[in-house]
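Source file: structure29.tsv (TSV, C-alpha atoms)
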chain	number	residue	atom	x	y	z
Q	58	MET	CA	-52.76	5.94	-2.12
Q	59	ARG	CA	-53.38	9.69	-2.15
Q	60	PHE	CA	-51.00	10.63	0.69
Q	61	PHE	CA	-49.20	13.23	-1.40
Q	62	PRO	CA	-50.34	15.27	-4.35
Q	63	LYS	CA	-48.88	14.26	-7.70
Q	64	ALA	CA	-46.60	17.29	-7.96
Q	65	THR	CA	-45.00	16.51	-4.60
Q	66	ARG	CA	-44.39	12.91	-5.58
Q	67	LEU	CA	-42.81	13.97	-8.84
Q	68	PHE	CA	-40.62	16.45	-6.99
Q	69	ALA	CA	-39.48	13.78	-4.51
Q	70	LEU	CA	-38.71	11.40	-7.33
Q	71	THR	CA	-36.59	14.04	-9.03
Q	72	ILE	CA	-34.61	14.62	-5.84
Q	73	VAL	CA	-34.00	10.90	-5.34
Q	74	ALA	CA	-32.92	10.46	-8.95
Q	75	THR	CA	-30.57	13.45	-8.80
Q	76	THR	CA	-28.98	12.22	-5.58
Q	77	LEU	CA	-28.40	8.79	-7.10
Q	78	LEU	CA	-26.88	10.27	-10.23
Q	79	ALA	CA	-24.74	12.68	-8.23
Q	80	GLY	CA	-23.48	9.63	-6.34
Q	81	CYS	CA	-22.30	8.20	-9.63
Q	82	VAL	CA	-20.57	11.37	-10.77
Q	83	SER	CA	-18.64	12.05	-7.56
Q	84	ARG	CA	-17.32	8.50	-7.30
Q	85	PRO	CA	-13.94	8.80	-5.59
Q	86	GLN	CA	-10.93	8.41	-7.81
Q	87	PRO	CA	-7.43	7.26	-6.84
Q	88	LEU	CA	-5.33	9.86	-5.02
Q	89	TYR	CA	-2.54	9.56	-7.61
Q	90	TYR	CA	-1.96	8.90	-11.28
Q	91	TRP	CA	0.27	5.82	-11.29
Q	92	GLY	CA	0.90	4.97	-14.92
Q	93	ASP	CA	3.45	2.16	-14.91
Q	94	TYR	CA	5.53	3.64	-12.08
Q	95	GLN	CA	5.39	0.47	-9.95
Q	96	SER	CA	6.64	-1.79	-12.75
Q	97	GLN	CA	9.41	0.71	-13.59
Q	98	VAL	CA	10.55	0.43	-9.96
Q	99	TYR	CA	10.57	-3.36	-10.20
Q	100	GLY	CA	12.49	-3.18	-13.49
Q	101	HIS	CA	15.01	-0.90	-11.78
Q	102	PHE	CA	15.51	-3.29	-8.86
Q	103	LYS	CA	15.90	-6.27	-11.16
Q	104	GLY	CA	18.40	-4.39	-13.32
Q	105	GLU	CA	16.22	-5.06	-16.35
Q	106	LYS	CA	15.62	-1.41	-17.15
Q	107	GLY	CA	18.39	1.11	-17.60
Q	108	PRO	CA	18.18	4.70	-16.32
Q	109	GLU	CA	17.47	6.25	-19.75
Q	110	GLU	CA	14.60	3.88	-20.44
Q	111	GLN	CA	13.11	4.61	-17.01
Q	112	ILE	CA	13.53	8.36	-17.38
Q	113	GLN	CA	11.57	8.30	-20.62
Q	114	ALA	CA	8.81	6.15	-19.14
Q	115	LEU	CA	8.50	8.22	-15.95
Q	116	GLU	CA	8.62	11.59	-17.68
Q	117	GLN	CA	5.73	10.29	-19.75
Q	118	VAL	CA	3.81	9.32	-16.61
Q	119	ARG	CA	4.43	12.81	-15.21
Q	120	GLU	CA	3.26	14.34	-18.47
Q	121	GLU	CA	0.08	12.26	-18.54
Q	122	ALA	CA	-0.65	13.14	-14.92
Q	123	ARG	CA	-0.19	16.84	-15.63
Q	124	ALA	CA	-2.46	16.66	-18.68
Q	125	GLN	CA	-5.20	15.13	-16.53
Q	126	GLY	CA	-4.65	17.53	-13.65
Q	127	ARG	CA	-3.70	14.66	-11.34
Q	128	SER	CA	-0.81	14.22	-8.88
Q	129	VAL	CA	2.12	11.87	-9.36
Q	130	PRO	CA	2.58	9.30	-6.57
Q	131	PRO	CA	5.03	9.67	-3.66
Q	132	GLY	CA	8.58	8.85	-4.66
Q	133	LEU	CA	8.19	9.20	-8.42
Q	134	GLN	CA	10.02	12.51	-8.70
Q	135	ALA	CA	12.67	11.43	-6.18
Q	136	HIS	CA	13.28	8.26	-8.18
Q	137	LEU	CA	13.57	10.39	-11.32
Q	138	ALA	CA	16.12	12.54	-9.50
Q	139	MET	CA	18.24	9.48	-8.80
Q	140	LEU	CA	18.05	8.39	-12.46
Q	141	TYR	CA	19.17	11.85	-13.61
Q	142	GLY	CA	22.02	11.60	-11.12
Q	143	GLN	CA	23.06	8.25	-12.56
Q	144	THR	CA	23.21	9.75	-16.03
Q	145	GLY	CA	25.27	12.73	-14.89
Q	146	ARG	CA	22.62	15.44	-15.07
Q	147	SER	CA	23.02	16.96	-11.63
Q	148	GLU	CA	20.89	20.00	-12.37
Q	149	ARG	CA	17.86	17.85	-13.08
Q	150	LEU	CA	18.71	15.73	-10.06
Q	151	VAL	CA	18.46	18.72	-7.72
Q	152	GLU	CA	15.37	20.00	-9.53
Q	153	ASN	CA	13.52	16.72	-9.01
Q	154	LEU	CA	14.53	16.30	-5.37
Q	155	GLU	CA	13.16	19.80	-4.79
Q	156	ALA	CA	9.98	18.84	-6.64
Q	157	GLU	CA	9.45	15.81	-4.39
Q	158	LYS	CA	10.01	17.97	-1.33
Q	159	LYS	CA	7.57	20.59	-2.54
Q	160	GLN	CA	4.88	18.04	-3.37
Q	161	PHE	CA	5.40	16.11	-0.12
Q	162	PRO	CA	6.82	18.16	2.77
Q	163	GLU	CA	6.92	14.86	4.74
Q	164	SER	CA	10.03	14.02	2.67
Q	165	SER	CA	11.96	17.17	3.68
Q	166	THR	CA	14.46	15.56	6.06
Q	167	PHE	CA	15.45	12.86	3.57
Q	168	MET	CA	15.47	15.17	0.56
Q	169	ASP	CA	17.68	17.67	2.43
Q	170	PHE	CA	19.98	14.79	3.40
Q	171	LEU	CA	20.32	13.85	-0.29
Q	172	LEU	CA	20.63	17.45	-1.50
Q	173	LYS	CA	23.45	18.05	0.95
Q	174	LYS	CA	25.20	14.91	-0.24
Q	175	PHE	CA	24.99	15.83	-3.91
Q	176	SER	CA	25.81	19.49	-3.64
Q	177	ARG	CA	29.17	18.65	-2.12
R	300	MET	CA	-39.54	-31.96	32.79
R	301	LYS	CA	-38.77	-28.53	34.03
R	302	GLN	CA	-35.10	-29.43	34.31
R	303	ILE	CA	-34.92	-30.71	30.74
R	304	LEU	CA	-36.42	-27.48	29.54
R	305	SER	CA	-33.80	-25.39	31.31
R	306	ILE	CA	-31.04	-27.57	29.85
R	307	LYS	CA	-32.51	-26.87	26.44
R	308	TRP	CA	-32.43	-23.17	27.13
R	309	LEU	CA	-28.87	-23.43	28.36
R	310	ALA	CA	-27.85	-25.23	25.16
R	311	LEU	CA	-29.53	-22.54	23.11
R	312	LEU	CA	-27.74	-19.84	25.06
R	313	LEU	CA	-24.39	-21.57	24.60
R	314	ALA	CA	-24.97	-22.04	20.90
R	315	SER	CA	-25.85	-18.41	20.38
R	316	MET	CA	-22.78	-17.34	22.33
R	317	LEU	CA	-20.60	-19.52	20.13
R	318	LEU	CA	-22.17	-18.18	16.98
R	319	GLY	CA	-21.84	-14.65	18.30
R	320	GLY	CA	-18.14	-15.36	18.62
R	321	CYS	CA	-18.03	-16.32	14.97
R	322	ALA	CA	-19.73	-13.17	13.79
R	323	THR	CA	-17.34	-10.77	15.50
R	324	PRO	CA	-13.69	-11.81	15.11
R	325	ALA	CA	-11.24	-10.33	17.57
R	326	LYS	CA	-10.83	-6.63	16.76
R	327	TYR	CA	-7.33	-5.28	16.48
R	328	ASP	CA	-6.40	-2.91	19.29
R	329	TYR	CA	-5.69	0.37	17.53
R	330	SER	CA	-5.07	2.50	20.63
R	331	SER	CA	-1.34	3.01	19.92
R	332	PHE	CA	-2.07	3.66	16.23
R	333	ARG	CA	-4.71	6.28	17.08
R	334	GLU	CA	-2.36	7.94	19.51
R	335	SER	CA	0.52	8.05	17.02
R	336	ARG	CA	-1.28	8.88	13.73
R	337	PRO	CA	1.83	8.64	11.51
R	338	ALA	CA	1.84	10.66	8.26
R	339	SER	CA	4.86	9.08	6.60
R	340	ILE	CA	6.00	5.48	6.31
R	341	LEU	CA	9.49	4.17	5.61
R	342	VAL	CA	9.23	0.73	4.03
R	343	LEU	CA	12.40	-1.24	4.77
R	344	PRO	CA	13.56	-3.90	2.30
R	345	PRO	CA	11.53	-6.99	3.30
R	346	LEU	CA	13.09	-10.04	4.90
R	347	ASN	CA	12.87	-13.09	2.70
R	348	SER	CA	12.08	-16.39	4.37
R	349	SER	CA	11.26	-18.03	1.03
R	350	PRO	CA	13.66	-19.82	-1.30
R	351	ASP	CA	13.05	-17.35	-4.16
R	352	VAL	CA	15.68	-14.59	-4.31
R	353	ASN	CA	13.23	-12.26	-6.10
R	354	ALA	CA	10.86	-12.04	-3.13
R	355	THR	CA	12.43	-9.03	-1.38
R	356	TYR	CA	12.37	-6.62	-4.32
R	357	SER	CA	9.21	-7.99	-5.85
R	358	MET	CA	7.40	-7.16	-2.63
R	359	LEU	CA	9.23	-3.89	-1.96
R	360	SER	CA	8.42	-2.50	-5.40
R	361	GLN	CA	4.70	-3.03	-4.83
R	362	THR	CA	4.28	-1.60	-1.33
R	363	THR	CA	4.05	2.08	-2.30
R	364	LEU	CA	0.68	1.94	-4.08
R	365	PRO	CA	-1.55	0.50	-1.32
R	366	LEU	CA	0.07	2.67	1.38
R	367	ALA	CA	0.02	5.90	-0.67
R	368	GLU	CA	-3.59	5.38	-1.74
R	369	SER	CA	-4.41	4.82	1.94
R	370	GLY	CA	-3.20	8.35	2.63
R	371	TYR	CA	0.44	8.03	3.65
R	372	TYR	CA	3.61	9.54	2.32
R	373	VAL	CA	5.78	6.59	1.35
R	374	PHE	CA	9.52	7.19	1.10
R	375	PRO	CA	10.94	6.46	-2.37
R	376	VAL	CA	11.81	2.77	-2.04
R	377	THR	CA	14.59	2.87	-4.64
R	378	LEU	CA	16.40	5.82	-3.04
R	379	VAL	CA	15.96	4.36	0.42
R	380	ASP	CA	17.47	1.06	-0.75
R	381	GLU	CA	20.31	2.93	-2.49
R	382	THR	CA	21.03	4.90	0.69
R	383	PHE	CA	21.34	1.69	2.71
R	384	LYS	CA	23.61	0.16	0.06
R	385	GLN	CA	25.91	3.17	0.00
R	386	ASN	CA	26.28	2.74	3.73
R	387	GLY	CA	27.22	-0.90	3.34
R	388	MET	CA	23.85	-2.32	4.32
R	389	THR	CA	22.77	-4.82	1.69
R	390	MET	CA	21.01	-7.45	3.80
R	391	PRO	CA	17.41	-6.80	4.90
R	392	ALA	CA	18.16	-8.69	8.13
R	393	ASP	CA	20.86	-6.12	9.01
R	394	ILE	CA	18.68	-3.19	8.00
R	395	HIS	CA	15.85	-4.46	10.23
R	396	GLN	CA	18.27	-4.34	13.16
R	397	LEU	CA	19.07	-0.63	12.76
R	398	PRO	CA	17.97	1.49	15.71
R	399	GLY	CA	14.79	3.47	15.12
R	400	ASP	CA	16.24	6.83	16.10
R	401	LYS	CA	18.96	6.42	13.45
R	402	LEU	CA	16.28	5.81	10.79
R	403	ARG	CA	14.34	8.79	12.06
R	404	GLU	CA	17.44	10.96	11.89
R	405	ILE	CA	18.23	10.19	8.24
R	406	PHE	CA	14.76	9.82	6.75
R	407	GLY	CA	12.60	11.84	9.11
R	408	ALA	CA	9.90	9.16	8.87
R	409	ASP	CA	7.10	8.91	11.43
R	410	ALA	CA	6.92	5.15	11.18
R	411	ALA	CA	8.83	2.21	9.71
R	412	LEU	CA	7.29	-0.86	8.10
R	413	TYR	CA	9.00	-4.21	8.64
R	414	ILE	CA	7.87	-6.90	6.22
R	415	ASP	CA	8.75	-10.57	6.22
R	416	VAL	CA	7.93	-12.56	3.08
R	417	LYS	CA	7.12	-16.00	4.48
R	418	GLN	CA	6.19	-17.74	1.28
R	419	TYR	CA	6.89	-16.84	-2.35
R	420	GLY	CA	6.74	-19.29	-5.17
R	421	THR	CA	5.11	-22.04	-7.09
R	422	THR	CA	4.45	-25.57	-5.99
R	423	TYR	CA	4.16	-27.84	-8.98
R	424	ALA	CA	1.60	-30.59	-9.13
R	425	VAL	CA	0.43	-32.87	-11.90
R	426	VAL	CA	-3.04	-31.44	-12.15
R	427	MET	CA	-2.68	-27.85	-11.07
R	428	SER	CA	0.33	-25.94	-9.81
R	429	GLU	CA	-0.14	-23.12	-7.33
R	430	THR	CA	1.73	-19.85	-6.88
R	431	ARG	CA	1.34	-18.42	-3.40
R	432	VAL	CA	2.78	-15.39	-1.62
R	433	THR	CA	2.39	-14.87	2.12
R	434	ALA	CA	3.78	-11.92	4.05
R	435	GLU	CA	3.72	-10.44	7.53
R	436	GLY	CA	4.01	-6.75	8.32
R	437	ARG	CA	4.76	-4.72	11.44
R	438	LEU	CA	4.42	-0.95	11.67
R	439	VAL	CA	6.57	0.75	14.32
R	440	ASP	CA	6.49	4.40	15.38
R	441	LEU	CA	10.02	5.82	15.03
R	442	ARG	CA	9.32	8.65	17.46
R	443	SER	CA	8.18	6.49	20.37
R	444	GLY	CA	9.42	3.03	19.34
R	445	LYS	CA	5.91	1.68	19.90
R	446	LYS	CA	4.43	-1.04	17.72
R	447	LEU	CA	1.37	0.46	16.02
R	448	TRP	CA	0.07	-2.48	14.02
R	449	GLU	CA	0.88	-5.91	12.74
R	450	GLY	CA	-0.83	-8.26	10.35
R	451	SER	CA	-0.40	-10.89	7.71
R	452	ALA	CA	-1.86	-11.69	4.32
R	453	THR	CA	-1.71	-14.31	1.62
R	454	ALA	CA	-2.76	-14.63	-2.01
R	455	SER	CA	-2.81	-17.56	-4.38
R	456	SER	CA	-3.05	-18.12	-8.12
R	457	ASN	CA	-5.82	-20.64	-7.48
R	458	GLU	CA	-8.29	-18.20	-5.96
R	459	GLY	CA	-10.10	-17.23	-9.13
R	460	ASN	CA	-11.31	-13.71	-9.58
R	461	ASN	CA	-13.60	-13.30	-6.64
R	462	ASN	CA	-12.24	-10.45	-4.56
R	463	SER	CA	-14.21	-7.21	-4.63
R	464	GLY	CA	-11.56	-4.96	-3.14
R	465	GLY	CA	-13.02	-1.49	-3.65
R	466	LEU	CA	-11.20	1.37	-5.32
R	467	VAL	CA	-7.63	0.50	-4.38
R	468	GLY	CA	-8.29	-3.14	-5.12
R	469	MET	CA	-9.36	-2.24	-8.63
R	470	LEU	CA	-6.33	-0.03	-9.06
R	471	VAL	CA	-4.04	-2.84	-7.89
R	472	LYS	CA	-5.71	-5.21	-10.33
R	473	ALA	CA	-5.13	-2.75	-13.15
R	474	VAL	CA	-1.44	-2.47	-12.26
R	475	ILE	CA	-1.07	-6.22	-11.91
R	476	SER	CA	-2.64	-6.75	-15.32
R	477	GLN	CA	0.36	-4.87	-16.77
R	478	ILE	CA	2.63	-7.69	-15.62
R	479	VAL	CA	3.27	-10.08	-18.46
R	480	ASP	CA	1.99	-13.48	-17.43
R	481	THR	CA	4.96	-15.77	-17.67
R	482	LEU	CA	5.71	-18.45	-15.12
R	483	SER	CA	8.60	-16.42	-13.69
R	484	ASN	CA	6.42	-13.33	-13.34
R	485	ARG	CA	3.47	-15.05	-11.74
R	486	GLY	CA	4.98	-14.75	-8.27
R	487	HIS	CA	5.33	-11.00	-8.78
R	488	ALA	CA	1.69	-10.60	-9.77
R	489	ILE	CA	0.52	-12.62	-6.74
R	490	ALA	CA	2.86	-10.59	-4.51
R	491	GLY	CA	1.02	-7.46	-5.69
R	492	MET	CA	-2.23	-8.98	-4.47
R	493	THR	CA	-0.64	-9.97	-1.14
R	494	SER	CA	0.82	-6.51	-0.67
R	495	TYR	CA	-2.57	-4.93	-1.29
R	496	ARG	CA	-4.29	-7.23	1.20
R	497	LEU	CA	-1.61	-6.60	3.79
R	498	LEU	CA	-1.25	-2.83	3.43
R	499	ALA	CA	-4.41	-1.20	2.08
R	500	ALA	CA	-6.43	0.61	4.74
R	501	GLY	CA	-10.08	-0.17	5.29
R	502	ARG	CA	-9.64	-3.94	5.40
R	503	PRO	CA	-10.56	-5.98	8.51
R	504	ASN	CA	-7.77	-5.56	11.09
R	505	GLY	CA	-5.71	-3.67	8.46
R	506	ILE	CA	-3.89	-0.38	8.83
R	507	LEU	CA	-5.87	2.82	9.40
R	508	TYR	CA	-6.23	5.58	6.80
R	509	GLY	CA	-3.48	8.22	6.72
R	510	PRO	CA	-3.75	12.04	6.67
R	511	ARG	CA	-3.75	12.37	2.88
R	512	SER	CA	-6.84	10.17	2.48
R	513	PRO	CA	-10.34	11.69	2.44
R	514	LEU	CA	-11.25	8.82	4.78
R	515	TYR	CA	-8.70	9.87	7.42
R	516	LEU	CA	-10.25	9.73	10.90
R	517	LYS	CA	-13.42	8.24	9.38
R	518	GLU	CA	-12.66	4.62	10.16
R	519	GLY	CA	-15.53	2.21	10.30
R	520	SER	CA	-17.12	3.48	7.15
R	521	PRO	CA	-16.92	0.93	4.32
R	522	THR	CA	-14.29	1.26	1.61
R	523	PRO	CA	-15.46	3.26	-1.40
Take the structure in this file and express it as structure tokens.
Amino acid sequence: MRFFPKATRLFALTIVATTLLAGCVSRPQPLYYWGDYQSQVYGHFKGEKGPEEQIQALEQVREEARAQGRSVPPGLQAHLAMLYGQTGRSERLVENLEAEKKQFPESSTFMDFLLKKFSR
Amino acid sequence: MKQILSIKWLALLLASMLLGGCATPAKYDYSSFRESRPASILVLPPLNSSPDVNATYSMLSQTTLPLAESGYYVFPVTLVDETFKQNGMTMPADIHQLPGDKLREIFGADAALYIDVKQYGTTYAVVMSETRVTAEGRLVDLRSGKKLWEGSATASSNEGNNNSGGLVGMLVKAVISQIVDTLSNRGHAIAGMTSYRLLAAGRPNGILYGPRSPLYLKEGSPTP
């Protein structure tokens, strides 16, 4: 039973324990902070939620994400842009389309298509 | 005697081959997917082959989460739908017929996802009614026109709470739990489960992880 001296065993145990604990701490978290974005989208499609109600809910999601240092999901800011457009606030519309484009360069072609349409 | 023995061995060999077949189900051929490696996905409004008119938008509104958490940019489904409508396209069947290069031109998407909701609704029975949602999906590269992946999934209210699901599964569950459980909403909650099973990466024969996932290009490792 005396393969290793006691100090070595203790040291090994410490390393194992630390690794296990580190595994717990660095557990992966979702890529995005979702809030109730998905159900807002459904409410929008069903016509159950008006633009103002959605704007309030989604601005809150964005605020919560910011407070936690997390990212908002793809499409959230673009959807917000559309809602601002529907309520006649074109400045905020452009602002949010630009925000989506900045966060996700993959959206550039579509965002530019929309920006061109609205700036006319 | 010798002959009987060899027959025995043959039977054993056959049995093990059969069982071997059970253990390893046919693997999906990902060669086109690996070649294409799309970064962005355009989800088209799903076809609805069920009698419930809610199926299309119930499914569409729940596709972003599993795909985005798998590492893809997902085009804003509401704005995409609005864009089609403003161009006179209101029927998913018509939208699914649009040429890929036209979609690529407007949206700049790497790939398009075509979903068909096969089953959506509740069958009523005396003892226990069941709500089931079944859907098929097909991912097509808009740059080459090649089919990258296809699959299908189903979920039922009678399953109980036995799926493990990993990180995204837990997230989906949390989102679904926000849905108020009324009879009319039950289909929507089950559709969320179906969408997750169909579209989350890291599932058997499912889609591969996208560039924004830390698991991108690390397929084969189990879901976190």
I need the contact residues of chain Q against chain R, so if you could list those with any atom within 6 Å, counting all atoms listed in the file, and return them as a compact mmCIF listing (two decimals) with C-alpha atoms, keeping the file's coordinate frame, that would help.
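Ended up saving to iface.txt:
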# COMPACT_ATOMS: atom_id res chain seq x y z
CA LEU Q 88 -5.33 9.86 -5.02
CA VAL Q 98 10.55 0.43 -9.96
CA TYR Q 99 10.57 -3.36 -10.20
CA PRO Q 131 5.03 9.67 -3.66
CA GLY Q 132 8.58 8.85 -4.66
CA THR Q 166 14.46 15.56 6.06
CA PHE Q 167 15.45 12.86 3.57
Sel. within 12 Å of pt (13.1, 1.0, -19.0), counting all atoms listed in the file, output as a VMD selection string = chain Q and resid 93 to 117 140
What separation in Å, quoted to one decimal, exists between atom CA of Gly444 of chain R and atom CA of Tyr419 of chain R?
->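 One can read the atom CA of Gly444 of chain R to atom CA of Tyr419 of chain R distance as 29.5 Å.
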Pick from Q:Ser164, Q:Phe175, Q:Ala122, Q:Gly92 nearest to Tyr141 of chain Q, counting only C-alpha atoms |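 Using only C-alpha atoms, Tyr141 of chain Q sits closest to Q:Phe175.
As for atom CA of Glu120 of chain Q and atom CA of Leu154 of chain Q, they are spaced 17.4 Å apart.
Using all atoms listed in the file, the nearest neighbour of Ser455 of chain R within the list R:Met388, R:Val426, R:Met492, R:Leu514 is R:Met492.
Of note, atom CA of Lys417 of chain R and atom CA of Ser348 of chain R are spaced 5.0 Å apart.
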Residue nearest Asp169 of chain Q - candidates Q:Ala135, Q:Arg119, Q:Ser147, Q:Ala124, atoms counted: all atoms listed in the file =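 Among the listed residues, the smallest separation from Asp169 of chain Q belongs to Q:Ala135.
Here the residues that fall within 12 Å of (6.9, -24.9, -6.7), using only C-alpha atoms, are given as Ser349, Pro350, Asp351, Gln418, Tyr419, Gly420, Thr421, Thr422, Tyr423, Ala424, Val425, Met427, Ser428, Glu429, Thr430, Arg431, Val432, Leu482, Ser483, Arg485 and Gly486 of chain R.
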Produce a file of the selected residues containing C-alpha atoms, as a short mmCIF file (atom, residue, chain, number, x, y, z; two decimals), in the coordinates of the input.
data_model
loop_
_atom_site.label_atom_id
_atom_site.label_comp_id
_atom_site.auth_asym_id
_atom_site.auth_seq_id
_atom_site.Cartn_x
_atom_site.Cartn_y
_atom_site.Cartn_z
CA SER R 349 11.26 -18.03 1.03
CA PRO R 350 13.66 -19.82 -1.30
CA ASP R 351 13.05 -17.35 -4.16
CA GLN R 418 6.19 -17.74 1.28
CA TYR R 419 6.89 -16.84 -2.35
CA GLY R 420 6.74 -19.29 -5.17
CA THR R 421 5.11 -22.04 -7.09
CA THR R 422 4.45 -25.57 -5.99
CA TYR R 423 4.16 -27.84 -8.98
CA ALA R 424 1.60 -30.59 -9.13
CA VAL R 425 0.43 -32.87 -11.90
CA MET R 427 -2.68 -27.85 -11.07
CA SER R 428 0.33 -25.94 -9.81
CA GLU R 429 -0.14 -23.12 -7.33
CA THR R 430 1.73 -19.85 -6.88
CA ARG R 431 1.34 -18.42 -3.40
CA VAL R 432 2.78 -15.39 -1.62
CA LEU R 482 5.71 -18.45 -15.12
CA SER R 483 8.60 -16.42 -13.69
CA ARG R 485 3.47 -15.05 -11.74
CA GLY R 486 4.98 -14.75 -8.27
#
Who sits within 7 Å of segment 332-337 of chain R, all atoms listed in the file, same chain under 3 positions skipped, as a ChimeraX atom specification = /R:329,409-410,447-448
Pick from Q:Gln134, Q:Gln86, Q:Gly126, Q:Glu121, whichever lies nearest to Glu157 of chain Q using all atoms listed in the file | Q:Gln134
